[in-house]
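What follows is a set of notes on a single structure, which appears directly below.
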Amino acid sequence: MKIAVFSAKRYDRQFLTAANATAGHQLRFFDELLCEDTVSLAAGNEAVCIFVNDKADAAVLKALAAGGTRLVALRCTGFNNVDLKAAAELGLKVVRVVTYSPYSVAEHAVALLQAINRKIHRAYNRTRDSNFALDGLMGFDLHGKTVAVVGTGKIGCVFARIMLGFGCRVIGYDKYPSDNFTALGATYAQPGEIGAKADIISLHCPLTPETHHIVNAETLARAKPGALLINTSRGGLVDTEAAIEALKSGQLGGLAIDVYEQEADLFFRDLSSTVITDDVFQRLLSFPNVIVTGHQAFFTEEAITTICETTIASVGEFAAGLPLSNEIKAS
Ligand code: NAD
């Protein structure tokens with residue numbers, strides 16, 4: 001099959017080409033993000049392969065279908081950027097990578113937590129300038145602290161298990177509680193209790209209309225003063241302007257994010273010679289107790305290999321007319 005791969009970086013080309021070696025599909029790589037302005041590039045390709053910030057809204061899907069596309073293959077887990085209802089109406093199938101490495105994201109969340117708590121980002125800069133003073137670098141023991149996990153699915157459970165290993169008390173909230181979480185030795189709590197008790201809150205639920213700005217001025221006001229917030233899930237879970245106010249007042253003790261609501265205009269490219277015009281993002285970067293990584297939590301060799309192999313396998317299933325193991329449908 002002919003597959004148009006959007007937002008294709010060097011590593012996408014390398015790992016997708018390797019995964020496709022025996023499958024023999026025709027891969028056409030495009031640097032461009034999929035959107036209304038670029039959708040014409042997909043014409044004549046039966047499948048498009050897209051990533052987290054590609055836009056597959058109703059207008060783009062309509063243009064894809066008109067150009068002969070029949071399959072949208074997301075090379076990621078989240079699918080908040082695809083209008084599934086419109087895809088179904090147009091007869092387009094949508095697949096994603098349901099499971100790759102939950103360890104990649106959970107371990108990155110732990111890395112962010114350790115860095116923001118022990119001020120590793122500041123220490124790194126200081127010691128390179130031969131400044132070995134410790135003032136301002138004090139953290140706290142994770143041992144004995146209460147960690148809240150919001151979204152106790154695959155990644156949330158791996159994160160919970162690691163935090164239990166640190167000697168933390170782990171509480172969680174999920175719309176659909178699971179025995180996998182409690183079997184680890186963690187317990188479920190109501191959202192209000194999570195805010196009041198947690199020293200650390202880590203977000204691992206999907207972005208849906210229901211979870212949009214799940215962290216907002218109201219929930220932040222109810223949080224334990226000085227709590228740390230970690231977000232490796234989706235930027236839209238956090239009202240960034242409310243988080244900035246909470247950082248300014250000290251209500252939020254630190255923020256470490258791998259995702260940002262307006263990241264589509266920023267992430268996955270080198271903007272080091274560009275003036276960033278997003279003032280909210282620039283304000284975030286000005287805090288000493290904020291760390292931002294550019295949506296790299298998934299970025300391990302194991303994860304990318306599985307993502308690319310699963311994507312090529314899904315295209316193979318579609319080409320062979322087989323049931324699609326990783327299909328997502330509008331609920
Ligand atoms: P998963 O489906 O295994 O787990 C998600 C959990 O969230 C489920 O248990 C589900 O019941 C729960 N949930 C759904 N709606 C909820 C709600 N309204 N409130 C609370 N919980 C709710 O998914 P996963 O593999 O653990 O991935 C979680 C998220 O991580 C993905 O949706 C994606 O947004 C994000 N992610 C980020 C990266 C990255 O590189 N930063 C990589 C992969 C995934």
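In the structure tokens, chains take the letters A, B, ... in the order shown, each chain's residues start at 1, and ligands count up from 1 in the order shown.
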Kindly provide, as a PyMOL selection string, all nucleotide and amino acid residues lying within 7 Å of ligand 1, counting only C-alpha atoms and all ligand atoms. chain A and resi 76-78+98-99+102+105+150-156+173-177+204-207+210-211+232-234+258-259+295-299
May I have a table of the residues of stretch 227-327 of chain A lying at most 12 Å from stretch 43-49 of chain A, giving each one's closest pair of atoms and their distance in Å to one decimal, counting only C-alpha atoms, ordered by chain and ascending residue number, as a tab-separated table?
```
residue	atom	partner	partner_atom	distance
A:Ile307	CA	A:Cys49	CA	11.4
A:Cys308	CA	A:Cys49	CA	10.2
A:Thr310	CA	A:Cys49	CA	11.8
A:Thr311	CA	A:Cys49	CA	8.1
A:Ile312	CA	A:Cys49	CA	9.6
A:Ser314	CA	A:Ala47	CA	10.6
A:Val315	CA	A:Ala47	CA	7.7
A:Gly316	CA	A:Ala47	CA	10.8
A:Phe318	CA	A:Ala47	CA	9.5
A:Ala319	CA	A:Glu46	CA	9.4
```
Requested write-out: all heavy atoms of the selected residues, as a PDB file, in the first residue's frame:
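For reference, out.pdb as written:
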```
ATOM      1  N   ILE A 307       6.293   1.025  18.157  1.00  0.00           N
ATOM      2  CA  ILE A 307       5.334   1.932  17.494  1.00  0.00           C
ATOM      3  C   ILE A 307       5.363   1.688  15.981  1.00  0.00           C
ATOM      4  O   ILE A 307       4.317   1.535  15.333  1.00  0.00           O
ATOM      5  CB  ILE A 307       5.683   3.415  17.805  1.00  0.00           C
ATOM      6  CG1 ILE A 307       5.324   3.762  19.247  1.00  0.00           C
ATOM      7  CG2 ILE A 307       4.986   4.360  16.827  1.00  0.00           C
ATOM      8  CD1 ILE A 307       5.843   5.108  19.722  1.00  0.00           C
ATOM      9  N   CYS A 308       6.565   1.638  15.414  1.00  0.00           N
ATOM     10  CA  CYS A 308       6.678   1.505  13.954  1.00  0.00           C
ATOM     11  C   CYS A 308       6.261   0.105  13.503  1.00  0.00           C
ATOM     12  O   CYS A 308       5.563  -0.043  12.487  1.00  0.00           O
ATOM     13  CB  CYS A 308       8.096   1.851  13.510  1.00  0.00           C
ATOM     14  SG  CYS A 308       8.430   3.605  13.773  1.00  0.00           S
ATOM     15  N   THR A 310       4.120  -1.907  15.000  1.00  0.00           N
ATOM     16  CA  THR A 310       2.661  -2.037  15.147  1.00  0.00           C
ATOM     17  C   THR A 310       1.945  -1.290  14.025  1.00  0.00           C
ATOM     18  O   THR A 310       0.944  -1.767  13.475  1.00  0.00           O
ATOM     19  CB  THR A 310       2.216  -1.478  16.526  1.00  0.00           C
ATOM     20  OG1 THR A 310       2.976  -2.126  17.532  1.00  0.00           O
ATOM     21  CG2 THR A 310       0.741  -1.704  16.774  1.00  0.00           C
ATOM     22  N   THR A 311       2.462  -0.118  13.675  1.00  0.00           N
ATOM     23  CA  THR A 311       1.839   0.687  12.610  1.00  0.00           C
ATOM     24  C   THR A 311       1.882  -0.066  11.284  1.00  0.00           C
ATOM     25  O   THR A 311       0.872  -0.157  10.574  1.00  0.00           O
ATOM     26  CB  THR A 311       2.558   2.051  12.498  1.00  0.00           C
ATOM     27  OG1 THR A 311       2.478   2.705  13.761  1.00  0.00           O
ATOM     28  CG2 THR A 311       1.934   2.929  11.432  1.00  0.00           C
ATOM     29  N   ILE A 312       3.043  -0.620  10.970  1.00  0.00           N
ATOM     30  CA  ILE A 312       3.176  -1.364   9.700  1.00  0.00           C
ATOM     31  C   ILE A 312       2.292  -2.623   9.744  1.00  0.00           C
ATOM     32  O   ILE A 312       1.637  -2.968   8.748  1.00  0.00           O
ATOM     33  CB  ILE A 312       4.657  -1.726   9.438  1.00  0.00           C
ATOM     34  CG1 ILE A 312       5.487  -0.441   9.209  1.00  0.00           C
ATOM     35  CG2 ILE A 312       4.800  -2.695   8.266  1.00  0.00           C
ATOM     36  CD1 ILE A 312       5.146   0.359   7.960  1.00  0.00           C
ATOM     37  N   SER A 314      -0.530  -2.947  11.343  1.00  0.00           N
ATOM     38  CA  SER A 314      -1.924  -2.504  11.179  1.00  0.00           C
ATOM     39  C   SER A 314      -2.236  -2.240   9.706  1.00  0.00           C
ATOM     40  O   SER A 314      -3.315  -2.590   9.221  1.00  0.00           O
ATOM     41  CB  SER A 314      -2.170  -1.212  11.969  1.00  0.00           C
ATOM     42  OG  SER A 314      -2.129  -1.475  13.336  1.00  0.00           O
ATOM     43  N   VAL A 315      -1.287  -1.614   9.004  1.00  0.00           N
ATOM     44  CA  VAL A 315      -1.488  -1.359   7.570  1.00  0.00           C
ATOM     45  C   VAL A 315      -1.585  -2.697   6.836  1.00  0.00           C
ATOM     46  O   VAL A 315      -2.432  -2.867   5.942  1.00  0.00           O
ATOM     47  CB  VAL A 315      -0.338  -0.489   6.987  1.00  0.00           C
ATOM     48  CG1 VAL A 315      -0.467  -0.359   5.470  1.00  0.00           C
ATOM     49  CG2 VAL A 315      -0.328   0.884   7.636  1.00  0.00           C
ATOM     50  N   GLY A 316      -0.768  -3.668   7.250  1.00  0.00           N
ATOM     51  CA  GLY A 316      -0.796  -5.003   6.645  1.00  0.00           C
ATOM     52  C   GLY A 316      -2.155  -5.670   6.838  1.00  0.00           C
ATOM     53  O   GLY A 316      -2.707  -6.268   5.912  1.00  0.00           O
ATOM     54  N   PHE A 318      -4.983  -4.169   7.291  1.00  0.00           N
ATOM     55  CA  PHE A 318      -5.955  -3.451   6.457  1.00  0.00           C
ATOM     56  C   PHE A 318      -5.841  -3.890   4.993  1.00  0.00           C
ATOM     57  O   PHE A 318      -6.839  -4.179   4.328  1.00  0.00           O
ATOM     58  CB  PHE A 318      -5.727  -1.938   6.581  1.00  0.00           C
ATOM     59  CG  PHE A 318      -6.693  -1.125   5.791  1.00  0.00           C
ATOM     60  CD1 PHE A 318      -7.969  -0.860   6.289  1.00  0.00           C
ATOM     61  CD2 PHE A 318      -6.359  -0.633   4.533  1.00  0.00           C
ATOM     62  CE1 PHE A 318      -8.876  -0.110   5.552  1.00  0.00           C
ATOM     63  CE2 PHE A 318      -7.266   0.109   3.797  1.00  0.00           C
ATOM     64  CZ  PHE A 318      -8.523   0.372   4.307  1.00  0.00           C
ATOM     65  N   ALA A 319      -4.593  -3.971   4.521  1.00  0.00           N
ATOM     66  CA  ALA A 319      -4.364  -4.345   3.110  1.00  0.00           C
ATOM     67  C   ALA A 319      -4.884  -5.750   2.818  1.00  0.00           C
ATOM     68  O   ALA A 319      -5.384  -6.025   1.725  1.00  0.00           O
ATOM     69  CB  ALA A 319      -2.865  -4.262   2.802  1.00  0.00           C
TER      70      ALA A 319
END
```
Can you pull out every residue within 10 Å of A:Val5, counting only C-alpha atoms, but drop anything in the same chain fewer than 6 positions away, and send it as a ChimeraX atom specification? /A:12-13,16,27-34,41-42,45,47-51,73-75
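Interatomic distance, atom CA of A:His143 to atom CA of A:Gly195: 19.0 Å.
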According to DSSP computed on the backbone, where in stretch 2-131 of chain A is there strand (DSSP E)? Give the residues as a VMD selection string. chain A and resid 2 to 5 26 to 29 47 to 50 71 to 74 93 to 95
For the selection you just gave me, I'd like the residues written to a file as a PDB file, in the first residue's frame, keeping N, CA and C atoms.
```pdb
ATOM      1  N   LYS A   2       0.302   2.323  -0.549  1.00  0.00           N
ATOM      2  CA  LYS A   2       1.010   3.610  -0.503  1.00  0.00           C
ATOM      3  C   LYS A   2       0.624   4.331   0.794  1.00  0.00           C
ATOM      4  N   ILE A   3       1.638   4.706   1.544  1.00  0.00           N
ATOM      5  CA  ILE A   3       1.384   5.362   2.840  1.00  0.00           C
ATOM      6  C   ILE A   3       2.065   6.730   2.863  1.00  0.00           C
ATOM      7  N   ALA A   4       1.293   7.782   3.102  1.00  0.00           N
ATOM      8  CA  ALA A   4       1.860   9.127   3.268  1.00  0.00           C
ATOM      9  C   ALA A   4       2.117   9.342   4.754  1.00  0.00           C
ATOM     10  N   VAL A   5       3.385   9.540   5.101  1.00  0.00           N
ATOM     11  CA  VAL A   5       3.758   9.692   6.511  1.00  0.00           C
ATOM     12  C   VAL A   5       3.974  11.179   6.797  1.00  0.00           C
ATOM     13  N   GLN A  26       4.791   1.147   0.184  1.00  0.00           N
ATOM     14  CA  GLN A  26       5.497   2.326  -0.364  1.00  0.00           C
ATOM     15  C   GLN A  26       5.316   3.493   0.601  1.00  0.00           C
ATOM     16  N   LEU A  27       6.403   3.864   1.257  1.00  0.00           N
ATOM     17  CA  LEU A  27       6.329   4.948   2.241  1.00  0.00           C
ATOM     18  C   LEU A  27       6.745   6.258   1.589  1.00  0.00           C
ATOM     19  N   ARG A  28       5.915   7.281   1.748  1.00  0.00           N
ATOM     20  CA  ARG A  28       6.295   8.626   1.269  1.00  0.00           C
ATOM     21  C   ARG A  28       6.312   9.542   2.479  1.00  0.00           C
ATOM     22  N   PHE A  29       7.499  10.069   2.782  1.00  0.00           N
ATOM     23  CA  PHE A  29       7.667  10.851   4.012  1.00  0.00           C
ATOM     24  C   PHE A  29       7.509  12.341   3.737  1.00  0.00           C
ATOM     25  N   ALA A  47      -3.223   5.063   2.594  1.00  0.00           N
ATOM     26  CA  ALA A  47      -3.110   5.245   4.052  1.00  0.00           C
ATOM     27  C   ALA A  47      -2.318   6.503   4.355  1.00  0.00           C
ATOM     28  N   VAL A  48      -2.671   7.151   5.477  1.00  0.00           N
ATOM     29  CA  VAL A  48      -1.810   8.214   5.998  1.00  0.00           C
ATOM     30  C   VAL A  48      -1.375   7.790   7.390  1.00  0.00           C
ATOM     31  N   CYS A  49      -0.153   8.135   7.711  1.00  0.00           N
ATOM     32  CA  CYS A  49       0.391   7.811   9.027  1.00  0.00           C
ATOM     33  C   CYS A  49       0.673   9.139   9.718  1.00  0.00           C
ATOM     34  N   ILE A  50       0.046   9.341  10.895  1.00  0.00           N
ATOM     35  CA  ILE A  50       0.151  10.658  11.543  1.00  0.00           C
ATOM     36  C   ILE A  50       0.569  10.528  13.008  1.00  0.00           C
ATOM     37  N   LEU A  71      -7.363   4.655   5.139  1.00  0.00           N
ATOM     38  CA  LEU A  71      -6.896   4.297   6.485  1.00  0.00           C
ATOM     39  C   LEU A  71      -6.075   5.442   7.088  1.00  0.00           C
ATOM     40  N   VAL A  72      -6.394   5.770   8.342  1.00  0.00           N
ATOM     41  CA  VAL A  72      -5.595   6.740   9.098  1.00  0.00           C
ATOM     42  C   VAL A  72      -4.896   5.957  10.200  1.00  0.00           C
ATOM     43  N   ALA A  73      -3.569   5.892  10.124  1.00  0.00           N
ATOM     44  CA  ALA A  73      -2.803   5.121  11.118  1.00  0.00           C
ATOM     45  C   ALA A  73      -2.044   6.091  12.018  1.00  0.00           C
ATOM     46  N   LEU A  74      -2.482   6.152  13.281  1.00  0.00           N
ATOM     47  CA  LEU A  74      -1.795   7.024  14.251  1.00  0.00           C
ATOM     48  C   LEU A  74      -0.596   6.268  14.801  1.00  0.00           C
ATOM     49  N   LYS A  93     -11.147   4.093   8.090  1.00  0.00           N
ATOM     50  CA  LYS A  93     -10.777   3.332   9.279  1.00  0.00           C
ATOM     51  C   LYS A  93      -9.663   4.093  10.003  1.00  0.00           C
ATOM     52  N   VAL A  94      -9.651   3.976  11.330  1.00  0.00           N
ATOM     53  CA  VAL A  94      -8.603   4.638  12.129  1.00  0.00           C
ATOM     54  C   VAL A  94      -7.968   3.608  13.056  1.00  0.00           C
ATOM     55  N   VAL A  95      -6.665   3.524  13.028  1.00  0.00           N
ATOM     56  CA  VAL A  95      -5.949   2.642  13.956  1.00  0.00           C
ATOM     57  C   VAL A  95      -4.934   3.470  14.744  1.00  0.00           C
TER      58      VAL A  95
END
```
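Going from atom CA of A:Ala186 to atom CA of A:Gly236 covers 26.3 Å.
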How close does each residue of stretch 137-254 of chain A get to stretch 111-133 of chain A, giving the shortest atom pair and distance in Å to one decimal for every residue with an atom at most 9 Å away, counting only C-alpha atoms, sorted by chain and residue number, as JSON lines?
```
{"residue": "A:Leu137", "atom": "CA", "partner": "A:Lys119", "partner_atom": "CA", "distance": 5.6}
{"residue": "A:Met138", "atom": "CA", "partner": "A:Arg118", "partner_atom": "CA", "distance": 6.5}
{"residue": "A:Gly139", "atom": "CA", "partner": "A:Arg118", "partner_atom": "CA", "distance": 4.7}
{"residue": "A:Phe140", "atom": "CA", "partner": "A:Asn117", "partner_atom": "CA", "distance": 6.8}
{"residue": "A:Asp141", "atom": "CA", "partner": "A:Asn117", "partner_atom": "CA", "distance": 8.8}
{"residue": "A:Leu142", "atom": "CA", "partner": "A:Gln114", "partner_atom": "CA", "distance": 8.8}
{"residue": "A:Ile200", "atom": "CA", "partner": "A:Leu113", "partner_atom": "CA", "distance": 8.4}
{"residue": "A:Ser202", "atom": "CA", "partner": "A:Leu113", "partner_atom": "CA", "distance": 8.9}
{"residue": "A:Leu228", "atom": "CA", "partner": "A:Leu113", "partner_atom": "CA", "distance": 7.9}
{"residue": "A:Leu229", "atom": "CA", "partner": "A:Leu113", "partner_atom": "CA", "distance": 8.4}
{"residue": "A:Ile230", "atom": "CA", "partner": "A:Leu113", "partner_atom": "CA", "distance": 6.7}
{"residue": "A:Gly254", "atom": "CA", "partner": "A:Ile116", "partner_atom": "CA", "distance": 6.7}
```
Using all heavy atoms, can you write the selected residues to a file as a compact mmCIF listing (two decimals), in the first residue's frame?
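result31.txt, freshly written:
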```
# COMPACT_ATOMS: atom_id res chain seq x y z
N LEU A 137 18.71 24.64 46.35
CA LEU A 137 18.62 23.32 45.71
C LEU A 137 17.94 22.26 46.59
O LEU A 137 17.87 21.11 46.20
CB LEU A 137 20.02 22.82 45.31
CG LEU A 137 20.80 23.67 44.31
CD1 LEU A 137 22.11 22.96 43.91
CD2 LEU A 137 19.99 23.97 43.06
N MET A 138 17.44 22.66 47.75
CA MET A 138 16.89 21.65 48.66
C MET A 138 15.61 21.03 48.11
O MET A 138 14.72 21.72 47.62
CB MET A 138 16.62 22.26 50.04
CG MET A 138 16.32 21.18 51.08
SD MET A 138 15.93 21.90 52.68
CE MET A 138 17.53 22.47 53.20
N GLY A 139 15.54 19.71 48.18
CA GLY A 139 14.32 19.01 47.79
C GLY A 139 13.71 18.35 49.01
O GLY A 139 13.98 18.75 50.14
N PHE A 140 12.88 17.33 48.77
CA PHE A 140 12.34 16.55 49.90
C PHE A 140 12.46 15.07 49.57
O PHE A 140 12.55 14.69 48.41
CB PHE A 140 10.89 16.96 50.22
CG PHE A 140 9.92 16.85 49.09
CD1 PHE A 140 9.41 15.62 48.68
CD2 PHE A 140 9.49 18.00 48.42
CE1 PHE A 140 8.50 15.52 47.64
CE2 PHE A 140 8.57 17.91 47.37
CZ PHE A 140 8.08 16.67 46.97
N ASP A 141 12.46 14.24 50.62
CA ASP A 141 12.46 12.78 50.41
C ASP A 141 11.15 12.38 49.73
O ASP A 141 10.07 12.81 50.17
CB ASP A 141 12.50 12.04 51.76
CG ASP A 141 13.86 12.06 52.43
OD1 ASP A 141 14.76 12.77 51.91
OD2 ASP A 141 14.00 11.38 53.46
N LEU A 142 11.25 11.54 48.74
CA LEU A 142 10.01 10.98 48.16
C LEU A 142 9.43 9.93 49.11
O LEU A 142 8.23 9.75 49.20
CB LEU A 142 10.30 10.35 46.80
CG LEU A 142 10.60 11.34 45.67
CD1 LEU A 142 10.91 10.59 44.38
CD2 LEU A 142 9.43 12.29 45.44
N ILE A 200 2.36 15.02 45.43
CA ILE A 200 2.75 14.96 44.02
C ILE A 200 1.53 14.46 43.24
O ILE A 200 0.90 13.48 43.65
CB ILE A 200 3.92 13.96 43.83
CG1 ILE A 200 5.15 14.46 44.56
CG2 ILE A 200 4.21 13.70 42.35
CD1 ILE A 200 5.95 13.37 45.23
N SER A 202 0.44 13.20 39.36
CA SER A 202 0.94 12.87 38.02
C SER A 202 -0.25 12.48 37.14
O SER A 202 -1.07 11.64 37.53
CB SER A 202 1.96 11.72 38.13
OG SER A 202 2.65 11.58 36.91
N LEU A 228 3.62 19.19 43.88
CA LEU A 228 4.27 19.18 42.57
C LEU A 228 3.31 18.55 41.56
O LEU A 228 2.66 17.55 41.87
CB LEU A 228 5.57 18.35 42.60
CG LEU A 228 6.64 18.76 43.61
CD1 LEU A 228 7.86 17.84 43.49
CD2 LEU A 228 7.06 20.22 43.39
N LEU A 229 3.25 19.11 40.36
CA LEU A 229 2.38 18.57 39.32
C LEU A 229 3.23 18.11 38.13
O LEU A 229 4.07 18.86 37.63
CB LEU A 229 1.39 19.67 38.86
CG LEU A 229 0.46 19.30 37.70
CD1 LEU A 229 -0.50 18.17 38.10
CD2 LEU A 229 -0.35 20.54 37.26
N ILE A 230 3.00 16.87 37.72
CA ILE A 230 3.73 16.30 36.59
C ILE A 230 2.71 15.96 35.50
O ILE A 230 1.72 15.26 35.77
CB ILE A 230 4.46 14.97 36.98
CG1 ILE A 230 5.16 15.08 38.35
CG2 ILE A 230 5.40 14.50 35.88
CD1 ILE A 230 6.31 16.04 38.42
N GLY A 254 5.79 23.23 42.15
CA GLY A 254 6.63 22.97 40.96
C GLY A 254 5.79 22.33 39.89
O GLY A 254 4.76 21.69 40.17
```
